[in-house]
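Trainee: Take a look at my_file.cif, mmCIF, N, CA and C atoms:
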data_query
#
loop_
_atom_site.label_atom_id
_atom_site.label_comp_id
_atom_site.auth_asym_id
_atom_site.auth_seq_id
_atom_site.Cartn_x
_atom_site.Cartn_y
_atom_site.Cartn_z
N MET A 153 79.51 141.88 160.07
CA MET A 153 80.82 141.37 159.92
C MET A 153 81.16 140.42 161.07
N ARG A 154 80.74 140.80 162.23
CA ARG A 154 81.01 140.01 163.42
C ARG A 154 80.35 138.64 163.28
N HIS A 155 79.15 138.59 162.72
CA HIS A 155 78.40 137.35 162.58
C HIS A 155 79.10 136.42 161.58
N SER A 156 79.59 136.93 160.48
CA SER A 156 80.27 136.10 159.48
C SER A 156 81.58 135.57 160.03
N GLN A 157 82.23 136.33 160.90
CA GLN A 157 83.48 135.88 161.49
C GLN A 157 83.22 134.70 162.43
N LYS A 158 82.14 134.81 163.23
CA LYS A 158 81.79 133.71 164.13
C LYS A 158 81.40 132.47 163.33
N SER A 159 80.68 132.65 162.23
CA SER A 159 80.29 131.52 161.39
C SER A 159 81.53 130.86 160.77
N GLY A 160 82.50 131.65 160.37
CA GLY A 160 83.74 131.10 159.80
C GLY A 160 84.51 130.29 160.82
N ILE A 161 84.59 130.82 162.05
CA ILE A 161 85.29 130.10 163.12
C ILE A 161 84.54 128.80 163.45
N LEU A 162 83.22 128.87 163.51
CA LEU A 162 82.41 127.69 163.79
C LEU A 162 82.59 126.65 162.67
N GLY A 163 82.60 127.09 161.42
CA GLY A 163 82.81 126.18 160.29
C GLY A 163 84.18 125.51 160.35
N ALA A 164 85.21 126.30 160.64
CA ALA A 164 86.56 125.75 160.75
C ALA A 164 86.66 124.75 161.89
N THR A 165 85.98 125.06 162.99
CA THR A 165 85.97 124.15 164.14
C THR A 165 85.28 122.84 163.78
N LEU A 166 84.14 122.92 163.07
CA LEU A 166 83.42 121.70 162.67
C LEU A 166 84.24 120.88 161.67
N ILE A 167 84.97 121.56 160.78
CA ILE A 167 85.83 120.83 159.85
C ILE A 167 86.94 120.12 160.63
N GLY A 168 87.51 120.78 161.61
CA GLY A 168 88.55 120.16 162.44
C GLY A 168 88.02 118.97 163.21
N VAL A 169 86.79 119.12 163.79
CA VAL A 169 86.18 118.00 164.52
C VAL A 169 85.91 116.85 163.56
N GLY A 170 85.43 117.15 162.35
CA GLY A 170 85.18 116.10 161.35
C GLY A 170 86.45 115.37 160.95
N CYS A 171 87.53 116.12 160.76
CA CYS A 171 88.81 115.49 160.42
C CYS A 171 89.31 114.63 161.58
N GLY A 172 89.13 115.09 162.80
CA GLY A 172 89.54 114.31 163.97
C GLY A 172 88.75 113.02 164.09
N LEU A 173 87.42 113.12 163.87
CA LEU A 173 86.58 111.91 163.93
C LEU A 173 86.94 110.94 162.81
N THR A 174 87.26 111.48 161.64
CA THR A 174 87.67 110.62 160.53
C THR A 174 88.96 109.89 160.88
N ALA A 175 89.91 110.61 161.44
CA ALA A 175 91.18 109.99 161.84
C ALA A 175 90.96 108.92 162.90
N MET A 176 90.07 109.21 163.85
CA MET A 176 89.78 108.23 164.89
C MET A 176 89.07 107.02 164.29
N GLY A 177 88.17 107.24 163.32
CA GLY A 177 87.50 106.13 162.64
C GLY A 177 88.49 105.24 161.92
N PHE A 178 89.43 105.88 161.18
CA PHE A 178 90.46 105.09 160.52
C PHE A 178 91.30 104.32 161.52
N ALA A 179 91.60 104.93 162.63
CA ALA A 179 92.41 104.28 163.66
C ALA A 179 91.70 103.06 164.23
N LEU A 180 90.36 103.09 164.25
CA LEU A 180 89.61 101.95 164.77
C LEU A 180 89.31 100.91 163.68
N VAL A 181 89.10 101.36 162.45
CA VAL A 181 88.69 100.46 161.37
C VAL A 181 89.87 99.67 160.80
N ILE A 182 91.03 100.30 160.67
CA ILE A 182 92.17 99.64 160.04
C ILE A 182 92.60 98.38 160.81
N PRO A 183 92.74 98.41 162.13
CA PRO A 183 93.09 97.16 162.83
C PRO A 183 92.00 96.09 162.71
N ALA A 184 90.74 96.51 162.74
CA ALA A 184 89.66 95.54 162.62
C ALA A 184 89.69 94.89 161.23
N CYS A 185 89.89 95.70 160.19
CA CYS A 185 89.94 95.15 158.83
C CYS A 185 91.15 94.25 158.63
N SER A 186 92.28 94.63 159.19
CA SER A 186 93.48 93.81 159.03
C SER A 186 93.31 92.48 159.78
N SER A 187 92.71 92.52 160.94
CA SER A 187 92.46 91.29 161.68
C SER A 187 91.50 90.39 160.92
N TRP A 188 90.47 90.98 160.36
CA TRP A 188 89.47 90.24 159.58
C TRP A 188 90.14 89.62 158.35
N THR A 189 90.97 90.38 157.66
CA THR A 189 91.65 89.88 156.47
C THR A 189 92.62 88.77 156.82
N LEU A 190 93.38 88.93 157.90
CA LEU A 190 94.31 87.88 158.32
C LEU A 190 93.57 86.60 158.70
N GLY A 191 92.39 86.73 159.30
CA GLY A 191 91.59 85.56 159.63
C GLY A 191 91.16 84.81 158.37
N PHE A 192 90.72 85.58 157.37
CA PHE A 192 90.32 84.94 156.11
C PHE A 192 91.51 84.29 155.41
N LEU A 193 92.66 84.95 155.44
CA LEU A 193 93.85 84.37 154.81
C LEU A 193 94.28 83.10 155.51
N GLU A 194 94.21 83.10 156.84
CA GLU A 194 94.57 81.90 157.60
C GLU A 194 93.61 80.75 157.29
N GLN A 195 92.33 81.07 157.20
CA GLN A 195 91.33 80.05 156.87
C GLN A 195 91.56 79.52 155.45
N ALA A 196 91.85 80.40 154.50
CA ALA A 196 92.11 79.98 153.13
C ALA A 196 93.37 79.11 153.06
N LEU A 197 94.40 79.47 153.82
CA LEU A 197 95.62 78.67 153.85
C LEU A 197 95.35 77.29 154.43
N ARG A 198 94.56 77.24 155.49
CA ARG A 198 94.21 75.95 156.10
C ARG A 198 93.45 75.07 155.11
N LYS A 199 92.47 75.67 154.41
CA LYS A 199 91.71 74.91 153.42
C LYS A 199 92.59 74.48 152.25
N GLY A 200 93.54 75.35 151.88
CA GLY A 200 94.46 75.00 150.81
C GLY A 200 95.33 73.82 151.16
N ARG A 201 95.81 73.79 152.42
CA ARG A 201 96.62 72.66 152.86
C ARG A 201 95.80 71.38 152.88
N GLU A 202 94.55 71.47 153.36
CA GLU A 202 93.69 70.30 153.37
C GLU A 202 93.39 69.85 151.95
N GLY A 203 93.16 70.82 151.07
CA GLY A 203 92.89 70.49 149.67
C GLY A 203 94.08 69.84 149.01
N ALA A 204 95.28 70.30 149.33
CA ALA A 204 96.49 69.70 148.77
C ALA A 204 96.63 68.26 149.27
N GLY A 205 96.32 68.04 150.53
CA GLY A 205 96.37 66.68 151.07
C GLY A 205 95.35 65.78 150.40
N ASN A 206 94.14 66.30 150.22
CA ASN A 206 93.11 65.53 149.55
C ASN A 206 93.47 65.28 148.09
N ALA A 207 94.08 66.26 147.44
CA ALA A 207 94.49 66.08 146.05
C ALA A 207 95.57 65.02 145.95
N ALA A 208 96.51 65.01 146.89
CA ALA A 208 97.56 63.99 146.88
C ALA A 208 96.97 62.60 147.09
N GLU A 209 96.01 62.50 147.99
CA GLU A 209 95.34 61.22 148.21
C GLU A 209 94.60 60.78 146.95
N LEU A 210 93.92 61.71 146.30
CA LEU A 210 93.17 61.40 145.09
C LEU A 210 94.10 60.93 143.98
N VAL A 211 95.22 61.63 143.80
CA VAL A 211 96.18 61.23 142.77
C VAL A 211 96.75 59.85 143.08
N GLY A 212 97.07 59.60 144.34
CA GLY A 212 97.58 58.29 144.73
C GLY A 212 96.56 57.19 144.49
N ASP A 213 95.30 57.47 144.82
CA ASP A 213 94.24 56.50 144.61
C ASP A 213 94.05 56.21 143.12
N LEU A 214 94.03 57.28 142.32
CA LEU A 214 93.87 57.09 140.88
C LEU A 214 95.06 56.33 140.29
N SER A 215 96.25 56.63 140.78
CA SER A 215 97.44 55.93 140.31
C SER A 215 97.36 54.44 140.64
N GLY A 216 96.93 54.13 141.84
CA GLY A 216 96.79 52.73 142.25
C GLY A 216 95.76 52.01 141.41
N ARG A 217 94.64 52.67 141.15
CA ARG A 217 93.61 52.04 140.31
C ARG A 217 94.10 51.85 138.89
N ALA A 218 94.77 52.85 138.35
CA ALA A 218 95.29 52.74 136.98
C ALA A 218 96.32 51.61 136.91
N HIS A 219 97.18 51.51 137.92
CA HIS A 219 98.19 50.45 137.94
C HIS A 219 97.50 49.08 137.96
N HIS A 220 96.46 48.95 138.76
CA HIS A 220 95.71 47.70 138.84
C HIS A 220 95.09 47.37 137.49
N HIS A 221 94.47 48.37 136.84
CA HIS A 221 93.84 48.13 135.54
C HIS A 221 94.88 47.78 134.48
N PHE A 222 96.05 48.44 134.53
CA PHE A 222 97.10 48.11 133.57
C PHE A 222 97.63 46.70 133.80
N ASN A 223 97.74 46.29 135.07
CA ASN A 223 98.18 44.92 135.35
C ASN A 223 97.18 43.91 134.80
N GLU A 224 95.89 44.18 135.01
CA GLU A 224 94.86 43.30 134.48
C GLU A 224 94.90 43.26 132.95
N ALA A 225 95.09 44.42 132.34
CA ALA A 225 95.16 44.47 130.87
C ALA A 225 96.38 43.72 130.37
N THR A 226 97.50 43.82 131.08
CA THR A 226 98.71 43.10 130.69
C THR A 226 98.49 41.60 130.76
N LYS A 227 97.86 41.14 131.84
CA LYS A 227 97.57 39.70 131.98
C LYS A 227 96.66 39.22 130.86
N ALA A 228 95.63 40.01 130.56
CA ALA A 228 94.70 39.62 129.50
C ALA A 228 95.40 39.61 128.15
N ALA A 229 96.26 40.60 127.90
CA ALA A 229 96.98 40.65 126.62
C ALA A 229 97.92 39.46 126.49
N ARG A 230 98.60 39.09 127.59
CA ARG A 230 99.49 37.93 127.54
C ARG A 230 98.71 36.66 127.26
N ALA A 231 97.58 36.50 127.92
CA ALA A 231 96.76 35.31 127.71
C ALA A 231 96.24 35.25 126.27
N LYS A 232 95.77 36.37 125.75
CA LYS A 232 95.25 36.38 124.39
C LYS A 232 96.36 36.20 123.37
N THR A 233 97.54 36.75 123.67
CA THR A 233 98.68 36.57 122.76
C THR A 233 99.10 35.10 122.73
N ALA A 234 99.08 34.48 123.90
CA ALA A 234 99.43 33.05 123.96
C ALA A 234 98.40 32.23 123.19
N LYS A 235 97.13 32.56 123.33
CA LYS A 235 96.09 31.84 122.59
C LYS A 235 96.24 32.06 121.09
N ALA A 236 96.52 33.31 120.71
CA ALA A 236 96.69 33.62 119.29
C ALA A 236 97.90 32.91 118.73
N ALA A 237 98.98 32.84 119.51
CA ALA A 237 100.17 32.12 119.05
C ALA A 237 99.86 30.64 118.88
N GLY A 238 99.09 30.08 119.78
CA GLY A 238 98.70 28.67 119.67
C GLY A 238 97.84 28.43 118.44
N VAL A 239 96.94 29.34 118.15
CA VAL A 239 96.08 29.21 116.97
C VAL A 239 96.92 29.30 115.70
N VAL A 240 97.85 30.25 115.67
CA VAL A 240 98.72 30.40 114.49
C VAL A 240 99.58 29.16 114.31
N GLU A 241 100.09 28.61 115.41
CA GLU A 241 100.92 27.42 115.33
C GLU A 241 100.12 26.23 114.82
N SER A 242 98.91 26.07 115.33
CA SER A 242 98.09 24.93 114.86
C SER A 242 97.68 25.13 113.40
N ALA A 243 97.43 26.38 113.01
CA ALA A 243 97.10 26.63 111.60
C ALA A 243 98.29 26.32 110.71
N ALA A 244 99.49 26.69 111.16
CA ALA A 244 100.69 26.40 110.39
C ALA A 244 100.91 24.90 110.28
N ARG A 245 100.65 24.17 111.36
CA ARG A 245 100.78 22.71 111.36
C ARG A 245 99.81 22.09 110.36
N GLN A 246 98.58 22.60 110.36
CA GLN A 246 97.58 22.08 109.42
C GLN A 246 97.96 22.38 107.97
N VAL A 247 98.52 23.55 107.74
CA VAL A 247 98.95 23.91 106.38
C VAL A 247 100.10 23.00 105.95
N ARG A 248 101.03 22.72 106.85
CA ARG A 248 102.14 21.82 106.53
C ARG A 248 101.64 20.42 106.23
N GLN A 249 100.67 19.95 107.02
CA GLN A 249 100.12 18.62 106.79
C GLN A 249 99.35 18.58 105.47
N TYR A 250 98.65 19.64 105.16
CA TYR A 250 97.85 19.67 103.94
C TYR A 250 98.74 19.74 102.70
N THR A 251 99.83 20.49 102.82
CA THR A 251 100.73 20.64 101.68
C THR A 251 101.70 19.46 101.55
N SER A 252 101.84 18.63 102.54
CA SER A 252 102.78 17.52 102.47
C SER A 252 102.17 16.34 101.80
#
Just dump the structure as structure tokens.
Mentor:
Amino acid sequence: MRHSQKSGILGATLIGVGCGLTAMGFALVIPACSSWTLGFLEQALRKGREGAGNAAELVGDLSGRAHHHFNEATKAARAKTAKAAGVVESAARQVRQYTS
């Protein structure tokens, strides 16, 4: 009986030591993990800001290029419309001369 009592006390003591070590491990791991996570979040935020800046530059660049292409297309359309109007006018003149 005496031996089982000593074993029980030893077991309870080892469980207490294990719980204490676990608590100490958590006390050491939680700040390290939070610091690590905050570092990653800060890095992601920095990259996000840079990405937003790059995206704004890209959109501005694409807008400028599209505006340039639309201006060129407008000039070409005006020139072709003027040529087409001239052709229609000369055709109408020829029809009037032919029918007169």
Trainee: Taking all atoms of region 213-224 of chain A that appear in the file, build a box with edges along x, y and z, extend it by 3 Å on every side, and state its centre and edge lengths in Å to one decimal, as lines of an AutoDock Vina configuration file.
Mentor:
center_x = 95.9
center_y = 50.4
center_z = 138.9
size_x = 10.6
size_y = 20.2
size_z = 17.9
Trainee: Grab the CA of Ser156 (chain A) to CA of Cys171 (chain A) distance for me, in Å with one decimal place.
Mentor: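 Atom-to-atom, CA of Ser156 (chain A) and CA of Cys171 (chain A) are spaced 22.3 Å apart.
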Trainee: For CA of Ser159 (chain A) and CA of Gly177 (chain A), quote the distance in Å rounded to one decimal.
Mentor: 26.4 Å
